Structure formats: structure tokens, C-alpha cells
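A.B. asks: I have a structure I would like to understand better, so I am pasting it below and will then ask my questions one at a time.
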Amino acid sequence: MGGQDDAQAALDPRRCAFFFDVDGTLAEIQPRPELVFVPPAILAALGRLQARGIPLAVISGRRLVDLDRLFAPLRLPAAGVHGAERRDAAGRQQRLPVDRAALERVRAELAQACAGHPDLYLENKDVAFALHYRLAPQLEETARRLAEDFARRHADLLTLQPGKCVFELKPRGASKGEVIRDFMDSSPFAGHRPVFVGDDLTDEAGFAAVNELGGHSIKVGPGPTAAVQRLDSVAAVGRWLGELLRALGEPPPLSFTQQTEGPP
Ligand SMILES: O=P(O)(O)OC[C@H]1O[C@H](O[C@H]2O[C@H](CO)[C@@H](O)[C@H](O)[C@H]2O)[C@H](O)[C@@H](O)[C@@H]1O
């Protein structure tokens, strides 16, 4: 634990650029994707860090349009769909080139394949597809087989990305590690020490990237990881954000104060 404590103590927020995964990191996992919300105290903390000029971005499997809804009124630099969509700090958007007509054919084929399994939830992200089995855990193997089959037959377009109760088909070349590297080459991130906080398998590429760049990686929750520090929960991420604000001489949002200091 001493190593982790030292690593955390060494984090001077003025010298860092922060990258955050969303589901399971800044927001609690929910039974369905559309039920997710970012706790107000976390939104407030991100807003204050951004207002202080600390470079930060969210790096998510979700689409940019969904991220803007989740983080409103903030409009953060962001990568969506595991890095396939990007918006830099100046608001410029970029997308990995994809064959939309071919992806539409895949979507239709997947929808047909899932029609026999109404308890599987197929999330359509335009350039990626997520097969969710959270509400039907008995269908895990069915979802895995379907996703593996599609990934094999459409390997020119899509790559398999397993996650929490989900098998995703993401565009070839989409990687959280690559997108963090790209952000680190651009203003206002360049010259800072990258810190990435995430919870899931897709985040391991991000942990590897920041480790290689001499940065700091933080895994939320249990499970094997390349990250060098661990936080227990979304609430712990919230308290950690509060510590960053304290280091900047700002009071943490009220609910973090209550969580960290306990009853009066
Ligand atoms: O990279 P992230 O920001 O963590 O996004 C990963 C995926 O998150 C969502 O699915 C996950 O969260 C859902 C809501 O809590 C949960 O129901 C599901 O089981 C999880 O897999 C989202 O729906 C995906 O599109 C994201 O790629």
C-alpha cells in the first residue's frame, strides 16, 4: 500500500492531465445504459478542475452525444466509442474512418440474430454495437458466441471488446490507449503527466499507455490490471477528486466532505 500512497501523494494536479473512463468510474453501473447518471458532486468537481485550467477529458465506450447528455452542462474534451470519435479541447471533432454502409449491413444482421433472444439488449452506437446480457446472465455464452462470430466474419471492420456484462463490437483501430496518446500530443494536455482512471477491460489499453508515458494509472474496483493504484468504488473516485481540489486550495463539493469526514 505504501507504494500506492506514495504514488498518489506525488500527484500534483497542476502538473497532470486527467483522463476518466465513465461507466463504473465516474458513474455507478446501472441495470441498463440509459439509467446511468453522473453524481452531482462529481460533475461539480470536474467543472471546478476544468475552471482551474486543469487539462481533463473523458475517454468512454459511449458515443459523444451520450457523453454530452451525461455531463451537461459541462462540455468536456472527450473520446467516444473507445476512441473512434474524438473532440479536442478546442471543440474540433474527428472520427476514425469507417465504412458506414457495411456497418449498417452488420447492424441489420446482428438485430436479426438477436431477435431470437429478446432478453439480450443490443445497443446500437452507429459505428459499434454492444450486446448486453446484464439482465439475462444466463445468456452470457450466447452473447459471447454471437459477438465472436460477428467479430471473426467482419474482422475488416470490427474488433471484439468484452466488458462488464457486455460483448462489444468496436471499429477496428479504436483504442483508449491510442486516443490518450493523441490527446497528450495536443494542447492543453502536452507537457503534463497523464493520469487515467478506469474500471474495465477496455481501460487496460489506457493504463498501459499512461504507464509507458511516465504517467499514473488507477483501477476502480477489483480484478487483474496494469494500473498502479486502485480505488474501491465510484464514491472513492469522488473523494479522490475532492483531494485534488483540496490540493488546489479549493474546498471539495459538499457531499464529498460528508463522505470523507463522517457525521459531525
Ligand atoms: O468506457 P465506459 O465509459 O466505461 O463505457 C463502457 C460501456 O458502458 C456502458 O455499458 C456498461 O454500463 C451499463 C450501465 O451501467 C451497464 O448496464 C452495462 O452492463 C455495462 O457494460 C455502455 O452501455 C456501453 O456502450 C459502453 O461501451
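By order in the C-alpha cells, chains are A, B, ...; within a chain, residues start at 1; ligands start at 1, following the order shown.
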Could you give me the residues within 8 Å of ligand 1, counting only C-alpha atoms and all ligand atoms, as a PDB file with C-alpha atoms, in the first residue's frame?
C.D. replies:
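The resulting file, result-v2.pdb, is reproduced below:
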```pdb
ATOM      1  CA  ASP A  21     -13.494   6.480 -18.029  1.00  0.00           C
ATOM      2  CA  VAL A  22     -17.247   6.919 -17.389  1.00  0.00           C
ATOM      3  CA  ASP A  23     -19.355   3.833 -16.548  1.00  0.00           C
ATOM      4  CA  GLY A  24     -18.087   2.256 -13.334  1.00  0.00           C
ATOM      5  CA  THR A  25     -15.636   5.118 -12.746  1.00  0.00           C
ATOM      6  CA  ALA A  27     -20.946   6.868 -12.642  1.00  0.00           C
ATOM      7  CA  GLU A  28     -22.307   3.773 -10.910  1.00  0.00           C
ATOM      8  CA  ILE A  29     -23.146   0.769 -13.062  1.00  0.00           C
ATOM      9  CA  GLN A  30     -26.903   0.518 -13.624  1.00  0.00           C
ATOM     10  CA  PRO A  31     -29.112  -2.290 -14.969  1.00  0.00           C
ATOM     11  CA  ARG A  32     -29.404  -0.515 -18.343  1.00  0.00           C
ATOM     12  CA  PRO A  33     -27.186   2.096 -20.051  1.00  0.00           C
ATOM     13  CA  GLU A  34     -29.901   4.762 -20.221  1.00  0.00           C
ATOM     14  CA  LEU A  35     -30.361   4.708 -16.407  1.00  0.00           C
ATOM     15  CA  VAL A  36     -26.842   5.983 -15.770  1.00  0.00           C
ATOM     16  CA  VAL A  58     -13.452  11.673 -20.643  1.00  0.00           C
ATOM     17  CA  ILE A  59     -12.487   8.519 -22.544  1.00  0.00           C
ATOM     18  CA  SER A  60     -15.511   6.288 -22.916  1.00  0.00           C
ATOM     19  CA  GLY A  61     -17.142   3.433 -24.774  1.00  0.00           C
ATOM     20  CA  ARG A  62     -20.216   5.638 -25.110  1.00  0.00           C
ATOM     21  CA  ARG A  63     -20.933   7.980 -28.021  1.00  0.00           C
ATOM     22  CA  VAL A  81     -16.841   4.631 -28.728  1.00  0.00           C
ATOM     23  CA  HIS A  82     -13.484   3.524 -27.256  1.00  0.00           C
ATOM     24  CA  GLU A 123     -27.108  -1.174 -28.086  1.00  0.00           C
ATOM     25  CA  LYS A 125     -23.813   3.084 -31.384  1.00  0.00           C
ATOM     26  CA  PHE A 129     -22.593  -2.463 -31.275  1.00  0.00           C
ATOM     27  CA  ALA A 130     -22.887  -3.692 -27.704  1.00  0.00           C
ATOM     28  CA  HIS A 132     -25.675  -6.554 -23.148  1.00  0.00           C
ATOM     29  CA  TYR A 133     -26.605  -9.562 -21.003  1.00  0.00           C
ATOM     30  CA  ARG A 134     -26.699  -7.856 -17.560  1.00  0.00           C
ATOM     31  CA  GLY A 163     -16.719  -5.584 -20.878  1.00  0.00           C
ATOM     32  CA  LYS A 164     -18.922  -5.713 -17.812  1.00  0.00           C
ATOM     33  CA  CYS A 165     -21.882  -7.970 -18.766  1.00  0.00           C
ATOM     34  CA  VAL A 166     -21.332  -6.946 -22.384  1.00  0.00           C
ATOM     35  CA  PHE A 167     -19.570  -8.037 -25.558  1.00  0.00           C
ATOM     36  CA  GLU A 168     -18.934  -5.090 -27.840  1.00  0.00           C
ATOM     37  CA  GLY A 198     -10.880   3.432 -15.324  1.00  0.00           C
ATOM     38  CA  ASP A 199     -12.571   0.224 -14.244  1.00  0.00           C
ATOM     39  CA  ASP A 200     -12.984  -2.174 -17.147  1.00  0.00           C
ATOM     40  CA  THR A 202     -11.276  -1.543 -22.397  1.00  0.00           C
ATOM     41  CA  ASP A 203      -9.412   0.715 -19.946  1.00  0.00           C
TER      42      ASP A 203
END
```
A.B. asks: Would you pick out the contacts of Leu43 in chain A at 9 Å or less, using only C-alpha atoms, so that residues sharing its chain but fewer than 3 positions from it are not included, and give the list as a list in words?
C.D. replies: Leu26, Val38, Pro39, Pro40, Leu46, Gly47, Arg48, Phe71, Ala72, Pro73 and Leu74 of chain A
A.B. asks: Next, the residues of the selection above should be written as an mmCIF file, in the first residue's frame with N, CA and C atoms.
C.D. replies:
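Wrote it out as out_12.cif, contents follow:
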```cif
data_model
loop_
_atom_site.group_PDB
_atom_site.id
_atom_site.type_symbol
_atom_site.label_atom_id
_atom_site.label_comp_id
_atom_site.auth_asym_id
_atom_site.auth_seq_id
_atom_site.Cartn_x
_atom_site.Cartn_y
_atom_site.Cartn_z
ATOM 1 N N LEU A 26 -16.860 7.196 -13.103
ATOM 2 C CA LEU A 26 -17.485 8.459 -12.685
ATOM 3 C C LEU A 26 -18.974 8.272 -12.426
ATOM 4 N N VAL A 38 -24.331 10.876 -13.798
ATOM 5 C CA VAL A 38 -23.103 11.257 -13.103
ATOM 6 C C VAL A 38 -23.517 12.006 -11.834
ATOM 7 N N PRO A 39 -23.082 11.542 -10.659
ATOM 8 C CA PRO A 39 -23.493 12.206 -9.417
ATOM 9 C C PRO A 39 -23.137 13.694 -9.449
ATOM 10 N N PRO A 40 -24.036 14.545 -8.933
ATOM 11 C CA PRO A 40 -23.807 15.991 -8.979
ATOM 12 C C PRO A 40 -22.462 16.414 -8.377
ATOM 13 N N LEU A 46 -15.506 18.010 -11.475
ATOM 14 C CA LEU A 46 -14.915 18.106 -12.818
ATOM 15 C C LEU A 46 -15.015 19.540 -13.333
ATOM 16 N N GLY A 47 -16.162 20.173 -13.082
ATOM 17 C CA GLY A 47 -16.347 21.556 -13.523
ATOM 18 C C GLY A 47 -15.335 22.485 -12.884
ATOM 19 N N ARG A 48 -15.065 22.255 -11.593
ATOM 20 C CA ARG A 48 -14.100 23.134 -10.906
ATOM 21 C C ARG A 48 -12.685 22.888 -11.390
ATOM 22 N N PHE A 71 -22.898 14.645 -19.048
ATOM 23 C CA PHE A 71 -22.057 15.620 -18.346
ATOM 24 C C PHE A 71 -22.609 17.041 -18.432
ATOM 25 N N ALA A 72 -23.781 17.229 -19.043
ATOM 26 C CA ALA A 72 -24.364 18.570 -19.133
ATOM 27 C C ALA A 72 -24.480 19.170 -17.736
ATOM 28 N N PRO A 73 -24.190 20.442 -17.539
ATOM 29 C CA PRO A 73 -23.914 21.457 -18.562
ATOM 30 C C PRO A 73 -22.450 21.510 -19.011
ATOM 31 N N LEU A 74 -21.614 20.608 -18.490
ATOM 32 C CA LEU A 74 -20.213 20.639 -18.928
ATOM 33 C C LEU A 74 -20.130 20.116 -20.357
#
```
A.B. asks: Separation of CA of Arg181 in chain A and CA of Trp240 in chain A, in Å?
C.D. replies: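 CA of Trp240 in chain A lies 23.7 Å from CA of Arg181 in chain A.
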A.B. asks: Run DSSP on the backbone and grab whatever in range 56-232 of chain A lands in alpha helix (DSSP H); send it over as a ChimeraX atom specification.
C.D. replies: /A:64-71,100-114,140-153,176-184,204-212
A.B. asks: Just want the 8 Å neighbourhood of Leu76 in chain A, counted on only C-alpha atoms, with same-chain residues fewer than 6 positions away dropped. Output as JSON, numbers by chain.
C.D. replies: {"A": [56, 57, 58, 68, 89]}
A.B. asks: Using C-alpha atoms, can you write the selected residues to a file as an mmCIF file, in the first residue's frame?
C.D. replies:
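Saved as again-v1.cif:
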```cif
data_model
loop_
_atom_site.group_PDB
_atom_site.id
_atom_site.type_symbol
_atom_site.label_atom_id
_atom_site.label_comp_id
_atom_site.auth_asym_id
_atom_site.auth_seq_id
_atom_site.Cartn_x
_atom_site.Cartn_y
_atom_site.Cartn_z
ATOM 1 C CA LEU A 56 -9.071 16.777 -18.429
ATOM 2 C CA ALA A 57 -11.041 14.577 -20.799
ATOM 3 C CA VAL A 58 -13.452 11.673 -20.643
ATOM 4 C CA ASP A 68 -22.651 15.405 -23.568
ATOM 5 C CA ALA A 89 -10.184 20.948 -26.138
#
```
A.B. asks: For the strand (DSSP E or B) assignment from backbone DSSP, which residues of range 132-163 of chain A qualify? Please present them as a ChimeraX atom specification.
C.D. replies: /A:132,158-163
A.B. asks: Could you turn the residues from that selection into a file that holds C-alpha atoms, as a PDB file, in the first residue's frame?
C.D. replies:
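Below you can see selection_24.pdb, which holds the result:
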```
ATOM      1  CA  HIS A 132     -25.675  -6.554 -23.148  1.00  0.00           C
ATOM      2  CA  LEU A 158     -14.853  -4.602 -36.180  1.00  0.00           C
ATOM      3  CA  THR A 159     -12.946  -5.911 -33.153  1.00  0.00           C
ATOM      4  CA  LEU A 160     -14.341  -7.745 -30.130  1.00  0.00           C
ATOM      5  CA  GLN A 161     -14.223  -5.761 -26.877  1.00  0.00           C
ATOM      6  CA  PRO A 162     -15.501  -7.654 -23.825  1.00  0.00           C
ATOM      7  CA  GLY A 163     -16.719  -5.584 -20.878  1.00  0.00           C
TER       8      GLY A 163
END
```
A.B. asks: Would you please work out which residue, of A:Leu122, A:Val234, A:Ser175, A:Gly249, is nearest to Phe37 in chain A when using only C-alpha atoms?
C.D. replies: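 Smallest separation from Phe37 in chain A among the options: A:Val234.
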A.B. asks: For Phe183 in chain A, work out the shell of residues within 10 Å, counting only C-alpha atoms and skipping chain neighbours fewer than 6 positions away, then give it as a list in words.
C.D. replies: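 My reading of the contact set: Ala17, Phe19, Pro55, Leu56, Ala57, Pro77, Ala78, Ala79, Arg86, Arg87, Asp88, Ala89, Phe189, Ala190 and Pro194 of chain A.
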A.B. asks: Using the selection just defined, write its residues with N, CA and C atoms as a JSON list (two decimals), in the first residue's frame.
C.D. replies:
```json
[["chain", "number", "residue", "atom", "x", "y", "z"],
["A", 17, "ALA", "N", -2.47, 15.87, -16.44],
["A", 17, "ALA", "CA", -3.63, 15.88, -17.33],
["A", 17, "ALA", "C", -4.43, 14.65, -16.97],
["A", 19, "PHE", "N", -7.53, 11.87, -17.37],
["A", 19, "PHE", "CA", -8.41, 11.17, -18.31],
["A", 19, "PHE", "C", -9.29, 10.21, -17.48],
["A", 55, "PRO", "N", -6.07, 20.31, -17.39],
["A", 55, "PRO", "CA", -6.50, 19.57, -18.58],
["A", 55, "PRO", "C", -7.18, 18.25, -18.19],
["A", 56, "LEU", "N", -8.38, 18.04, -18.70],
["A", 56, "LEU", "CA", -9.07, 16.78, -18.43],
["A", 56, "LEU", "C", -9.96, 16.40, -19.60],
["A", 57, "ALA", "N", -10.19, 15.10, -19.72],
["A", 57, "ALA", "CA", -11.04, 14.58, -20.80],
["A", 57, "ALA", "C", -11.69, 13.29, -20.33],
["A", 77, "PRO", "N", -13.65, 17.94, -23.31],
["A", 77, "PRO", "CA", -12.90, 17.19, -24.32],
["A", 77, "PRO", "C", -13.20, 15.70, -24.09],
["A", 78, "ALA", "N", -13.37, 14.97, -25.17],
["A", 78, "ALA", "CA", -13.86, 13.60, -24.96],
["A", 78, "ALA", "C", -13.47, 12.70, -26.12],
["A", 79, "ALA", "N", -13.37, 11.41, -25.79],
["A", 79, "ALA", "CA", -13.30, 10.37, -26.82],
["A", 79, "ALA", "C", -14.47, 9.45, -26.57],
["A", 86, "ARG", "N", -13.75, 11.57, -31.43],
["A", 86, "ARG", "CA", -12.96, 12.43, -30.53],
["A", 86, "ARG", "C", -13.38, 13.89, -30.65],
["A", 87, "ARG", "N", -13.30, 14.61, -29.54],
["A", 87, "ARG", "CA", -13.46, 16.07, -29.58],
["A", 87, "ARG", "C", -12.36, 16.66, -28.71],
["A", 88, "ASP", "N", -11.54, 17.50, -29.31],
["A", 88, "ASP", "CA", -10.41, 18.04, -28.56],
["A", 88, "ASP", "C", -10.83, 19.25, -27.73],
["A", 89, "ALA", "N", -9.87, 19.85, -27.05],
["A", 89, "ALA", "CA", -10.18, 20.95, -26.14],
["A", 89, "ALA", "C", -10.70, 22.18, -26.88],
["A", 189, "PHE", "N", -3.01, 19.38, -23.13],
["A", 189, "PHE", "CA", -2.54, 18.19, -22.42],
["A", 189, "PHE", "C", -1.02, 18.03, -22.47],
["A", 190, "ALA", "N", -0.44, 18.37, -23.64],
["A", 190, "ALA", "CA", 1.01, 18.17, -23.84],
["A", 190, "ALA", "C", 1.80, 18.86, -22.73],
["A", 194, "PRO", "N", 0.22, 12.35, -17.68],
["A", 194, "PRO", "CA", -1.12, 11.77, -17.85],
["A", 194, "PRO", "C", -1.53, 10.87, -16.69]]
```
